[in-house]
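A.B. asks: File protein_32.cif below, mmCIF, C-alpha atoms:
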```
data_entry
loop_
_atom_site.label_atom_id
_atom_site.label_comp_id
_atom_site.auth_asym_id
_atom_site.auth_seq_id
_atom_site.Cartn_x
_atom_site.Cartn_y
_atom_site.Cartn_z
CA MET A 1 -95.58 225.83 30.80
CA TYR A 2 -99.14 226.54 29.64
CA ASP A 3 -98.79 224.57 26.40
CA ALA A 4 -96.45 221.86 27.74
CA ILE A 5 -96.16 218.45 26.02
CA ASP A 6 -97.91 215.70 27.99
CA ALA A 7 -95.38 213.08 29.15
CA GLY A 8 -97.96 210.90 30.91
CA SER A 9 -98.21 209.43 34.41
CA PHE A 10 -95.58 207.77 36.57
CA GLY A 11 -95.85 205.60 39.68
CA SER A 12 -93.81 203.42 42.01
CA CYS A 13 -95.15 200.13 40.57
CA GLY A 14 -93.22 200.36 37.35
CA GLY A 15 -95.78 202.68 35.83
CA GLY A 16 -94.75 205.19 33.17
CA ALA A 17 -92.09 205.62 30.52
CA PHE A 18 -91.77 208.44 28.01
CA THR A 19 -89.36 209.27 25.17
CA ASP A 20 -89.26 212.21 22.76
CA ASN A 21 -86.83 213.33 20.07
CA ARG A 22 -86.89 216.84 18.59
CA ASN A 23 -84.88 220.05 18.04
CA ASN A 24 -85.14 222.81 20.66
CA TYR A 25 -85.06 225.51 18.00
CA SER A 26 -88.05 224.30 15.96
CA TYR A 27 -89.96 221.10 15.32
CA ASN A 28 -92.71 220.34 12.76
CA GLY A 29 -93.26 224.04 12.13
CA THR A 30 -93.27 225.04 15.80
CA SER A 31 -90.58 227.49 16.91
CA TYR A 32 -89.47 227.50 20.56
CA HIS A 33 -88.50 230.50 22.66
CA ASN A 34 -86.59 231.16 25.86
CA SER A 35 -88.59 231.60 29.07
CA TYR A 36 -86.51 229.83 31.71
CA GLY A 37 -82.90 229.14 32.69
CA GLU A 38 -80.26 229.48 29.97
CA SER A 39 -80.59 231.86 27.02
CA SER A 40 -81.41 229.05 24.56
CA PRO A 41 -84.98 228.14 23.47
CA ASP A 42 -86.92 225.90 25.94
CA VAL A 43 -89.23 222.92 25.40
CA TRP A 44 -91.67 222.23 28.28
CA TYR A 45 -93.16 218.87 29.34
CA ILE A 46 -95.83 218.13 31.94
CA LEU A 47 -96.15 214.84 33.86
CA ASN A 48 -98.22 213.38 36.70
CA VAL A 49 -96.79 211.40 39.62
CA SER A 50 -99.46 209.13 41.17
CA ASP A 51 -97.55 208.18 44.36
CA TYR A 52 -94.12 208.52 45.97
CA THR A 53 -91.86 207.78 43.03
CA ASP A 54 -88.22 207.88 41.95
CA LEU A 55 -87.73 209.41 38.47
CA ARG A 56 -84.83 209.43 36.01
CA ILE A 57 -84.90 212.24 33.44
CA SER A 58 -82.17 211.88 30.81
CA LEU A 59 -80.89 213.73 27.74
CA CYS A 60 -78.16 211.15 27.05
CA GLY A 61 -77.69 210.66 23.31
CA SER A 62 -78.45 214.30 22.42
CA SER A 63 -76.28 215.97 19.77
CA PHE A 64 -75.28 219.10 21.74
CA ASP A 65 -74.51 220.48 25.20
CA THR A 66 -77.86 220.48 27.08
CA TYR A 67 -79.44 221.79 30.25
CA LEU A 68 -82.32 220.17 32.15
CA HIS A 69 -84.71 221.47 34.85
CA LEU A 70 -87.40 219.88 37.07
CA LEU A 71 -90.12 222.21 38.45
CA ASP A 72 -93.21 221.72 40.62
CA ALA A 73 -96.83 222.40 39.62
CA ASN A 74 -96.38 226.13 40.25
CA GLY A 75 -93.18 226.38 38.25
CA ASN A 76 -90.92 226.45 41.32
CA PHE A 77 -87.41 225.02 41.07
CA ILE A 78 -86.80 221.46 42.34
CA ASN A 79 -83.62 220.34 40.55
CA SER A 80 -81.47 221.00 37.47
CA ASN A 81 -78.43 219.55 35.72
CA ASP A 82 -75.90 220.67 33.14
CA ASP A 83 -73.35 217.88 32.61
CA SER A 84 -73.66 214.26 33.79
CA GLU A 85 -72.24 210.75 33.45
CA CYS A 86 -73.21 211.08 29.75
CA GLY A 87 -70.81 214.01 29.33
CA ARG A 88 -72.27 217.32 28.17
CA GLN A 89 -75.77 215.84 28.14
CA SER A 90 -77.92 216.38 31.25
CA VAL A 91 -79.44 213.80 33.64
CA ILE A 92 -81.63 214.27 36.75
CA ASN A 93 -82.15 211.34 39.14
CA GLN A 94 -84.89 212.53 41.51
CA SER A 95 -85.93 210.34 44.45
CA SER A 96 -89.19 210.31 46.43
CA LEU A 97 -91.26 212.75 44.42
CA TYR A 98 -94.58 213.46 46.09
CA PRO A 99 -97.78 212.73 44.15
CA GLY A 100 -98.68 215.67 41.94
CA ILE A 101 -97.98 217.59 38.73
CA TYR A 102 -94.44 218.42 37.60
CA TYR A 103 -92.74 220.17 34.67
CA VAL A 104 -89.54 219.21 32.83
CA VAL A 105 -87.75 221.96 30.88
CA VAL A 106 -85.27 220.96 28.14
CA GLU A 107 -82.86 223.53 26.70
CA GLY A 108 -79.31 223.98 25.48
CA TYR A 109 -76.43 225.18 27.60
CA SER A 110 -76.01 228.92 27.07
CA SER A 111 -77.68 229.65 23.70
CA TYR A 112 -77.07 226.24 22.12
CA THR A 113 -79.69 224.49 20.00
CA GLY A 114 -79.80 221.05 18.43
CA ASP A 115 -81.43 217.64 18.34
CA TYR A 116 -82.06 216.06 21.74
CA ASN A 117 -83.22 212.68 23.04
CA LEU A 118 -85.44 212.90 26.17
CA GLU A 119 -86.20 209.81 28.29
CA ILE A 120 -88.32 209.90 31.46
CA SER A 121 -88.85 206.71 33.51
CA SER A 122 -89.75 205.53 36.99
CA THR A 123 -86.86 203.80 38.74
CA SER A 124 -88.96 202.60 41.69
CA THR A 125 -89.01 198.82 42.18
CA GLY A 126 -92.55 198.32 43.49
CA SER A 127 -94.61 195.43 42.13
CA THR A 128 -98.32 194.85 41.67
CA PRO A 129 -99.59 193.08 44.81
CA GLU A 130 -102.15 190.30 45.02
CA GLY A 131 -105.61 191.88 44.99
CA ALA A 132 -104.64 194.77 42.70
CA ASN A 133 -107.11 193.85 39.94
CA MET A 134 -109.35 191.07 38.63
CA TYR A 135 -106.39 189.47 36.85
CA ASN A 136 -104.47 189.14 40.13
CA PRO A 137 -107.21 188.73 42.77
CA ILE A 138 -107.06 187.30 46.27
CA TRP A 139 -108.60 183.81 46.19
CA ALA A 140 -111.62 183.55 48.49
CA GLY A 141 -112.60 179.93 47.77
CA ASN A 142 -114.64 177.51 45.69
CA TYR A 143 -117.99 176.74 47.33
CA SER A 144 -119.83 173.47 46.73
CA SER A 145 -121.31 173.68 50.23
CA SER A 146 -122.00 176.51 52.65
CA GLY A 147 -118.94 178.33 53.96
CA TYR A 148 -117.39 181.55 55.25
CA TYR A 149 -114.31 183.62 54.33
CA THR A 150 -112.83 186.71 56.00
CA HIS A 151 -109.70 188.74 55.24
CA THR A 152 -108.35 192.08 56.46
CA MET A 153 -106.02 194.23 54.34
CA ASN A 154 -104.96 197.87 54.28
CA ASN A 155 -105.64 199.64 50.97
CA ALA A 156 -102.92 202.27 51.41
CA ASP A 157 -100.52 200.50 49.02
CA ALA A 158 -100.51 202.69 45.90
CA CYS A 159 -99.60 199.64 43.81
CA LEU A 160 -103.13 198.32 44.38
CA GLY A 161 -104.37 201.02 42.03
CA ASN A 162 -107.87 202.37 41.47
CA ASP A 163 -109.90 200.65 38.74
CA ILE A 164 -113.50 201.10 39.86
CA GLY A 165 -115.87 203.23 41.88
CA GLN A 166 -114.42 205.57 44.48
CA ALA A 167 -111.09 207.45 44.33
CA SER A 168 -109.46 205.10 46.86
CA ASN A 169 -107.31 202.06 46.08
CA ASP A 170 -109.21 198.81 45.37
CA ILE A 171 -108.77 195.26 46.73
CA TYR A 172 -110.09 192.47 44.47
CA TYR A 173 -111.27 189.02 45.65
CA GLN A 174 -112.43 186.06 43.55
CA PHE A 175 -114.71 183.15 44.49
CA THR A 176 -116.68 180.47 42.63
CA LEU A 177 -119.98 178.70 43.26
CA THR A 178 -120.88 175.22 42.03
CA GLY A 179 -124.61 175.82 42.54
CA THR A 180 -127.18 178.42 43.51
CA ALA A 181 -126.42 180.14 46.82
CA THR A 182 -127.40 183.06 49.03
CA VAL A 183 -124.26 185.19 49.33
CA THR A 184 -123.76 187.85 52.02
CA LEU A 185 -120.89 190.33 51.60
CA SER A 186 -119.85 192.84 54.24
CA HIS A 187 -117.10 195.10 55.58
CA CYS A 188 -118.10 194.57 59.21
CA GLY A 189 -115.03 195.09 61.40
CA SER A 190 -113.37 197.65 59.10
CA THR A 191 -111.81 200.84 60.50
CA LEU A 192 -113.14 203.29 57.91
CA ASP A 193 -116.13 204.23 55.77
CA THR A 194 -116.15 201.60 53.00
CA TYR A 195 -117.62 200.81 49.59
CA LEU A 196 -118.35 197.34 48.19
CA HIS A 197 -118.86 196.06 44.63
CA LEU A 198 -119.94 192.61 43.37
CA LEU A 199 -118.85 191.81 39.79
CA ASN A 200 -119.62 188.94 37.42
CA SER A 201 -116.94 186.88 35.65
CA SER A 202 -116.58 189.58 32.97
CA GLY A 203 -116.06 192.37 35.50
CA ALA A 204 -119.52 193.93 35.07
CA VAL A 205 -121.14 195.28 38.24
CA ILE A 206 -123.97 193.12 39.61
CA THR A 207 -124.67 195.24 42.69
CA GLN A 208 -122.87 197.58 45.10
CA ASN A 209 -123.28 199.19 48.51
CA ASP A 210 -121.98 202.16 50.51
CA ASP A 211 -123.69 202.52 53.90
CA ASN A 212 -126.23 200.02 55.26
CA ASN A 213 -129.10 199.83 57.72
CA GLY A 214 -128.39 196.27 58.88
CA PRO A 215 -129.00 193.60 59.89
CA GLU A 216 -125.21 193.45 60.46
CA CYS A 217 -122.94 196.38 61.43
CA PRO A 218 -125.37 199.14 60.36
CA GLY A 219 -123.58 202.37 59.55
CA ARG A 220 -120.63 203.32 57.34
CA GLN A 221 -119.44 199.78 56.61
CA ALA A 222 -120.86 198.28 53.41
CA TRP A 223 -123.17 195.23 53.47
CA LEU A 224 -125.22 193.44 50.82
CA GLN A 225 -126.95 190.11 50.26
CA THR A 226 -128.04 188.50 47.00
CA THR A 227 -128.79 185.13 45.38
CA LEU A 228 -126.23 183.95 42.82
CA SER A 229 -126.19 181.00 40.43
CA ALA A 230 -123.17 178.80 39.76
CA GLY A 231 -120.22 180.74 38.34
CA THR A 232 -117.20 182.96 39.06
CA TYR A 233 -117.55 186.26 40.90
CA TYR A 234 -115.37 189.15 42.10
CA VAL A 235 -115.71 191.29 45.23
CA VAL A 236 -114.06 194.71 45.18
CA SER A 237 -113.42 196.37 48.55
CA GLU A 238 -112.42 200.03 48.81
CA GLY A 239 -112.73 203.10 50.99
CA TYR A 240 -115.49 205.62 50.48
CA SER A 241 -114.15 208.63 48.51
CA SER A 242 -110.35 208.46 48.96
CA GLY A 243 -110.50 206.66 52.30
CA ILE A 244 -107.52 204.53 53.37
CA GLY A 245 -107.37 202.00 56.21
CA ASP A 246 -107.85 198.38 57.24
CA ILE A 247 -110.77 196.87 55.31
CA THR A 248 -112.21 193.56 56.52
CA THR A 249 -113.96 191.67 53.71
CA ASN A 250 -116.44 188.98 54.79
CA ILE A 251 -118.02 186.48 52.36
CA ARG A 252 -120.74 184.14 53.67
CA VAL A 253 -122.17 181.48 51.33
CA VAL A 254 -125.31 179.44 52.04
CA MET A 255 -125.83 176.87 49.31
CA GLN A 256 -129.42 176.15 48.28
CA SER A 257 -130.62 172.57 48.02
CA SER A 258 -130.89 171.28 44.45
CA THR A 259 -133.76 168.88 45.30
CA PRO A 260 -136.98 169.25 47.31
CA VAL A 261 -136.78 168.05 50.94
CA ILE A 262 -140.35 167.14 51.87
CA ALA A 263 -141.46 166.40 55.44
CA TYR A 264 -144.89 165.36 56.72
CA THR A 265 -146.28 165.93 60.22
CA PHE A 266 -149.09 163.59 61.26
CA PRO A 267 -151.40 163.98 64.27
CA SER A 268 -150.60 161.77 67.27
CA GLU A 269 -154.16 160.43 67.33
CA ILE A 270 -156.78 159.84 64.65
CA THR A 271 -160.48 158.97 64.89
CA SER A 272 -162.10 156.57 62.45
CA GLY A 273 -164.45 158.40 60.12
CA SER A 274 -162.96 161.84 60.86
CA PRO A 275 -160.77 163.93 58.55
CA VAL A 276 -157.02 163.78 59.17
CA SER A 277 -154.89 166.94 58.85
CA VAL A 278 -151.34 166.41 57.58
CA ASN A 279 -148.82 169.29 57.47
CA VAL A 280 -146.37 169.25 54.54
CA THR A 281 -143.15 171.31 54.56
CA ASN A 282 -140.39 171.71 51.97
CA THR A 283 -136.96 172.84 53.21
CA GLY A 284 -135.15 172.18 49.92
CA ALA A 285 -135.47 173.34 46.34
CA ALA A 286 -138.83 174.29 44.94
CA THR A 287 -140.96 171.49 43.57
CA VAL A 288 -141.43 171.46 39.81
CA SER A 289 -144.97 171.64 38.50
CA GLY A 290 -146.18 170.10 35.28
CA GLN A 291 -144.72 166.62 35.87
CA THR A 292 -146.67 163.62 34.56
CA THR A 293 -146.84 159.93 35.44
CA SER A 294 -147.42 156.95 33.18
CA THR A 295 -147.94 153.21 33.52
CA TYR A 296 -144.74 151.23 32.95
CA ALA A 297 -146.32 147.75 33.06
CA GLY A 298 -149.65 146.15 33.95
CA THR A 299 -153.27 146.63 32.93
CA GLY A 300 -154.67 147.66 36.29
CA THR A 301 -156.51 144.34 36.71
CA ALA A 302 -155.18 141.60 39.01
CA GLY A 303 -153.92 138.55 37.13
CA TYR A 304 -150.89 136.56 36.08
CA THR A 305 -150.03 137.02 32.40
CA ASN A 306 -146.58 137.36 30.80
CA SER A 307 -146.67 139.49 27.66
CA SER A 308 -145.65 142.98 26.60
CA ALA A 309 -145.44 145.46 29.48
CA LEU A 310 -148.86 147.08 29.10
CA SER A 311 -150.61 143.76 28.33
CA SER A 312 -149.17 141.82 31.28
CA THR A 313 -151.03 141.44 34.54
CA PHE A 314 -149.76 141.44 38.14
CA ASN A 315 -151.33 140.65 41.53
CA ASN A 316 -150.26 142.93 44.38
CA PRO A 317 -146.71 143.83 43.25
CA LEU A 318 -144.91 145.07 46.37
CA ALA A 319 -141.33 145.95 45.32
CA VAL A 320 -139.16 146.70 42.29
CA VAL A 321 -135.41 146.90 41.66
CA ALA A 322 -133.31 147.49 38.52
CA ASP A 323 -130.02 145.97 37.38
CA ALA A 324 -127.16 147.66 35.52
CA SER A 325 -128.63 146.71 32.14
CA GLY A 326 -131.96 148.40 32.82
CA ASN A 327 -133.98 145.23 33.55
CA ILE A 328 -136.71 145.74 36.17
CA TYR A 329 -137.48 142.97 38.71
CA VAL A 330 -140.84 142.87 40.50
CA ALA A 331 -141.81 141.08 43.72
CA ASP A 332 -145.28 139.94 42.55
CA ALA A 333 -146.53 138.93 46.00
CA GLY A 334 -150.08 137.87 45.09
CA ASN A 335 -148.78 135.51 42.39
CA ASN A 336 -145.87 134.23 44.58
CA VAL A 337 -143.31 134.90 41.81
CA VAL A 338 -140.51 137.29 40.90
CA ARG A 339 -141.08 138.88 37.47
CA LYS A 340 -138.62 140.46 35.02
CA ILE A 341 -139.32 143.39 32.65
CA THR A 342 -136.70 144.00 29.95
CA PRO A 343 -135.82 147.50 28.69
CA GLY A 344 -137.82 146.64 25.57
CA GLY A 345 -140.95 146.01 27.68
CA THR A 346 -141.18 142.18 27.65
CA VAL A 347 -142.47 140.63 30.90
CA SER A 348 -141.43 137.13 32.02
CA THR A 349 -141.20 135.09 35.22
CA LEU A 350 -137.67 134.88 36.61
CA ALA A 351 -138.49 132.48 39.46
CA GLY A 352 -141.60 131.02 41.12
CA ALA A 353 -144.32 128.50 40.30
CA GLY A 354 -147.30 130.88 40.51
CA TYR A 355 -148.66 129.31 43.71
CA SER A 356 -147.49 129.43 47.30
CA GLY A 357 -145.00 126.92 48.70
CA TYR A 358 -141.35 126.50 49.45
CA ALA A 359 -138.89 124.91 47.06
CA GLU A 360 -135.46 125.79 45.74
CA GLY A 361 -135.03 125.42 41.99
CA THR A 362 -134.66 127.25 38.72
CA GLY A 363 -137.42 129.34 37.17
CA SER A 364 -140.85 127.74 37.74
CA GLY A 365 -139.17 125.00 39.78
CA ALA A 366 -138.83 127.39 42.70
CA GLN A 367 -141.69 128.26 45.06
CA PHE A 368 -142.30 131.38 47.21
CA LYS A 369 -144.92 132.44 49.71
CA LEU A 370 -145.55 136.19 49.49
CA PRO A 371 -142.24 137.60 48.17
CA SER A 372 -142.38 141.21 49.38
CA ALA A 373 -139.01 143.03 49.07
CA LEU A 374 -135.99 143.01 46.71
CA VAL A 375 -132.40 144.22 46.56
CA ILE A 376 -129.71 143.47 43.97
CA ASP A 377 -125.99 142.95 44.54
CA ALA A 378 -123.02 143.94 42.37
CA SER A 379 -123.12 140.59 40.54
CA GLY A 380 -126.76 140.93 39.56
CA ASN A 381 -128.09 138.45 42.16
CA LEU A 382 -131.47 139.27 43.67
CA ILE A 383 -132.01 138.98 47.43
CA VAL A 384 -135.72 138.36 48.17
CA THR A 385 -137.72 138.61 51.37
CA ASP A 386 -139.88 135.43 51.24
CA GLN A 387 -142.18 136.76 53.90
CA GLN A 388 -144.51 133.90 54.86
CA ASN A 389 -141.79 131.26 54.43
CA HIS A 390 -139.76 133.23 56.99
CA ARG A 391 -136.69 133.06 54.78
CA ILE A 392 -134.37 135.32 52.76
CA ARG A 393 -133.82 133.82 49.30
CA LYS A 394 -131.21 134.44 46.61
CA ILE A 395 -131.94 134.34 42.87
CA SER A 396 -129.09 134.25 40.34
CA PRO A 397 -129.38 136.15 37.02
CA SER A 398 -130.31 132.83 35.37
CA GLY A 399 -133.27 132.33 37.78
CA SER A 400 -131.72 129.70 40.09
CA THR A 401 -132.76 130.11 43.74
CA SER A 402 -130.96 129.26 46.99
CA LEU A 403 -131.43 129.90 50.66
CA PHE A 404 -129.61 133.03 51.82
CA ALA A 405 -130.78 133.18 55.46
CA GLY A 406 -133.53 131.91 57.77
CA SER A 407 -134.70 128.55 59.11
CA GLY A 408 -138.28 128.68 57.88
CA THR A 409 -139.63 129.06 61.42
CA ALA A 410 -140.83 132.41 62.75
CA GLY A 411 -138.57 133.72 65.50
CA PHE A 412 -135.58 135.88 66.34
CA ALA A 413 -132.18 134.28 66.81
#
```
Show how you would write the structure in this file as structure tokens.

C.D. replies:
Amino acid sequence: MYDAIDAGSFGSCGGGAFTDNRNNYSYNGTSYHNSYGESSPDVWYILNVSDYTDLRISLCGSSFDTYLHLLDANGNFINSNDDSECGRQSVINQSSLYPGIYYVVVEGYSSYTGDYNLEISSTSTGSTPEGANMYNPIWAGNYSSSGYYTHTMNNADACLGNDIGQASNDIYYQFTLTGTATVTLSHCGSTLDTYLHLLNSSGAVITQNDDNNGPECPGRQAWLQTTLSAGTYYVVSEGYSSGIGDITTNIRVVMQSSTPVIAYTFPSEITSGSPVSVNVTNTGAATVSGQTTSTYAGTGTAGYTNSSALSSTFNNPLAVVADASGNIYVADAGNNVVRKITPGGTVSTLAGAGYSGYAEGTGSGAQFKLPSALVIDASGNLIVTDQQNHRIRKISPSGSTSLFAGSGTAGFA
């Protein structure tokens, strides 16, 4: 038994199968001797049982009358067989073997020797449960906004297996993030001392925790918090050492804003000639430094000239809007016109005479009095606030104007 052939490990989840073919007198220059059972030479095998398992040990197909023994780790008798359903060849069907080390002894009946065929297999029908590994994880969600997930599961099932960390069985969870988030993982509410691992999409450990000092459930239950970018992640929950029990896995996700959210707080009263203090806060993503601005059109001097963008002049432009083709429209209030800037940078007048008045028409045949705001509809029509004419005007893509709303008299009706 001290130089036994290793037959591997066997478990209840379909784990383990072993075959060997040799002669019990000699094999590859090794001669065998008798140390147990019948008077024939013995061949010893050692195997490991990882959990409560049913085993079949068979010598069916051997060329002679065989004898088979199953012993515990100390060499004590558990079972043996001479003849079986295979005839003179031996078979042992052993149910509910405890986890541990065992020995199988193969020999001939009486003093017989010959070629034998040994097969050892687990006949248990267990299956790998959800959460057993990163290829069969428990789904904990896809997060595009903040959210929370909790799940309680007992890790006593031997089919969960032990792939990482402590000696206890593991429970795997998977979740995905669509953006950067603060993620808090914990075992708060569990019934035992726990251990927690956070893995990336390749299964590499990002961080882990055993005991924690808070702020939640300080003590033997694991807790950790970290910032993660968009991607796929795995959480592995297990007991500390070989601990078994109900493990509650909590995943809290707080998505971070992708854009700055700027707010200004102004004083309720100001005094002419005195400094004004304005508080600025950002509750969103960090602002990006190093940005630059440039002039899109205009010279910086008031005027009314249609030309290329940087050679054209405007007089108090108050609003802009763009269409689907990239054309920019400008409410040029001081010139009482609506201007158009093409994607190539050419400036022209879409509608308006260049002086104040009220008239519907096309192009320069129309008149405005302080056009101050613009919107554009799905058909490319501009809606213009003609402020001092007290009207809302409509301009077609061809520059033809019409009255959209308003009587021309100040009022509310």

A.B. asks: Between A:Tyr149, A:Tyr296, A:Tyr264, A:Phe412, single out the one closest to Thr248 in chain A, counting only C-alpha atoms.

C.D. replies: A:Tyr149

A.B. asks: Counting all atoms listed in the file, which residue out of A:Gly203, A:Asn250, A:Asp54, A:Tyr112 sits closest to Gly147 in chain A?

C.D. replies: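 Closest candidate: A:Asn250.
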
A.B. asks: In Å, rounded to a single decimal, give me how far CA of Cys159 in chain A is from CA of Pro129 in chain A.

C.D. replies: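 The value is 6.6 Å.
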
A.B. asks: Could you state the separation of CA of Thr313 in chain A and CA of Ala297 in chain A in Å, given to one decimal place?

C.D. replies: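 Atom-to-atom, CA of Thr313 in chain A and CA of Ala297 in chain A are spaced 8.0 Å apart.
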
A.B. asks: To one decimal in Å, tell me the separation between CA of Val49 in chain A and CA of Gly100 in chain A.

C.D. replies: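 Result for CA of Val49 in chain A versus CA of Gly100 in chain A: 5.2 Å, one decimal.
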
A.B. asks: So which one's closest to Ile57 in chain A, A:Asn76, A:Asn21, A:Ser145, A:Ser121? Using all atoms listed in the file, please.

C.D. replies: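 Once distances to Ile57 in chain A are computed over all atoms listed in the file, the minimum belongs to A:Ser121.
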
A.B. asks: I'd like the residues picked by the PyMOL selection byres ((chain A and resi 105) around 10) written out as an MDAnalysis selection string, using the chain letters and numbers from the file.

C.D. replies: chainID A and resid 1 4 35:37 42:46 67:71 80 103:104 106:107

A.B. asks: As a check of understanding, name the residues that the PyMOL selection byres ((chain A and resi 53) around 12) selects in the supplied structure, as a PyMOL selection string.

C.D. replies: chain A and resi 9-16+48-52+54-56+93-100+121-126+158-159

A.B. asks: Might you spell out which residues the PyMOL selection byres ((chain A and resi 335) around 9) would select in the displayed file, as a PyMOL selection string?

C.D. replies: chain A and resi 303-304+314-317+332-334+336-338+352-356+369-371

A.B. asks: Kindly extract all protein, DNA and RNA residues lying within 8 Å of the coordinates (-83.6, 209.9, 31.1) given in the file, considering only C-alpha atoms, and supply them as a list in words.

C.D. replies: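 Residues with an atom at most 8 Å from (-83.6, 209.9, 31.1): Arg56, Ile57, Ser58, Leu59, Cys60, Val91, Ile92, Leu118, Glu119, Ile120 and Ser121 of chain A.
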
A.B. asks: Enumerate, as a count of residues only, the protein, DNA and RNA residues whose atoms approach (-143.0, 148.0, 29.5) to within 10 Å, taking into account only C-alpha atoms and the coordinate frame of the file.

C.D. replies: 18

A.B. asks: So, counting all atoms listed in the file, which residue among A:Thr178, A:Ser407, A:Thr191, A:Thr349 is closest to Asp386 in chain A?

C.D. replies: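 For Asp386 in chain A, the nearest of the candidates is A:Ser407.
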
A.B. asks: Taking only C-alpha atoms into account, which of A:Asp170, A:Glu360, A:Asp163, A:Asp82 comes nearest Phe404 in chain A?

C.D. replies: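 For Phe404 in chain A, the nearest of the candidates is A:Glu360.
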
A.B. asks: Measuring between all atoms listed in the file, which one of A:Tyr195, A:His151, A:Gln387, A:Thr184 shows the shortest distance to Pro215 in chain A?

C.D. replies: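 Residue with the minimum atom-to-atom distance to Pro215 in chain A: A:Thr184.
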
A.B. asks: What are the centre and edge lengths in Å, to one decimal, of the axis-aligned box around all listed atoms of range 39-52 of chain A with 3 Å added on each side, as JSON?

C.D. replies:
```
{"center_x": -90.0, "center_y": 220.0, "center_z": 34.7, "size_x": 24.9, "size_y": 29.7, "size_z": 28.5}
```

A.B. asks: Show which residues sit within 12 Å of Ala322 in chain A, as a PDB file with C-alpha atoms, in the frame of the given file. Count all atoms listed in the file, and ignore same-chain residues fewer than 3 positions away.

C.D. replies:
```
ATOM      1  CA  ALA A 319    -141.330 145.950  45.320  1.00  0.00           C
ATOM      2  CA  SER A 325    -128.630 146.710  32.140  1.00  0.00           C
ATOM      3  CA  GLY A 326    -131.960 148.400  32.820  1.00  0.00           C
ATOM      4  CA  ASN A 327    -133.980 145.230  33.550  1.00  0.00           C
ATOM      5  CA  ILE A 328    -136.710 145.740  36.170  1.00  0.00           C
ATOM      6  CA  TYR A 329    -137.480 142.970  38.710  1.00  0.00           C
ATOM      7  CA  VAL A 330    -140.840 142.870  40.500  1.00  0.00           C
ATOM      8  CA  ALA A 331    -141.810 141.080  43.720  1.00  0.00           C
ATOM      9  CA  ARG A 339    -141.080 138.880  37.470  1.00  0.00           C
ATOM     10  CA  LYS A 340    -138.620 140.460  35.020  1.00  0.00           C
ATOM     11  CA  ILE A 341    -139.320 143.390  32.650  1.00  0.00           C
ATOM     12  CA  THR A 342    -136.700 144.000  29.950  1.00  0.00           C
ATOM     13  CA  PRO A 343    -135.820 147.500  28.690  1.00  0.00           C
ATOM     14  CA  LEU A 374    -135.990 143.010  46.710  1.00  0.00           C
ATOM     15  CA  VAL A 375    -132.400 144.220  46.560  1.00  0.00           C
ATOM     16  CA  ILE A 376    -129.710 143.470  43.970  1.00  0.00           C
ATOM     17  CA  ASP A 377    -125.990 142.950  44.540  1.00  0.00           C
ATOM     18  CA  ALA A 378    -123.020 143.940  42.370  1.00  0.00           C
ATOM     19  CA  GLY A 380    -126.760 140.930  39.560  1.00  0.00           C
ATOM     20  CA  ASN A 381    -128.090 138.450  42.160  1.00  0.00           C
ATOM     21  CA  LEU A 382    -131.470 139.270  43.670  1.00  0.00           C
TER      22      LEU A 382
END
```

A.B. asks: Add whatever atoms are absent from range 166-173 of chain A to reach N, CA, C and O atoms, and provide the output as a compact mmCIF listing (two decimals), in the frame of the given file.

C.D. replies:
```
# COMPACT_ATOMS: atom_id res chain seq x y z
N GLN A 166 -114.92 204.42 43.75
CA GLN A 166 -114.42 205.57 44.48
C GLN A 166 -112.97 205.90 44.10
O GLN A 166 -112.32 205.16 43.36
N ALA A 167 -112.45 207.00 44.66
CA ALA A 167 -111.09 207.45 44.33
C ALA A 167 -110.02 206.69 45.10
O ALA A 167 -108.83 206.88 44.85
N SER A 168 -110.42 205.84 46.05
CA SER A 168 -109.46 205.10 46.86
C SER A 168 -108.95 203.87 46.12
O SER A 168 -109.51 203.45 45.11
N ASN A 169 -107.86 203.27 46.65
CA ASN A 169 -107.31 202.06 46.08
C ASN A 169 -108.25 200.88 46.31
O ASN A 169 -108.91 200.79 47.35
N ASP A 170 -108.29 199.94 45.34
CA ASP A 170 -109.21 198.81 45.37
C ASP A 170 -108.50 197.54 45.81
O ASP A 170 -107.30 197.35 45.55
N ILE A 171 -109.26 196.61 46.42
CA ILE A 171 -108.77 195.26 46.73
C ILE A 171 -109.74 194.27 46.10
O ILE A 171 -110.93 194.28 46.42
N TYR A 172 -109.25 193.41 45.20
CA TYR A 172 -110.09 192.47 44.47
C TYR A 172 -110.01 191.07 45.09
O TYR A 172 -108.92 190.59 45.42
N TYR A 173 -111.17 190.41 45.21
CA TYR A 173 -111.27 189.02 45.65
C TYR A 173 -112.04 188.23 44.60
O TYR A 173 -112.91 188.77 43.90
```
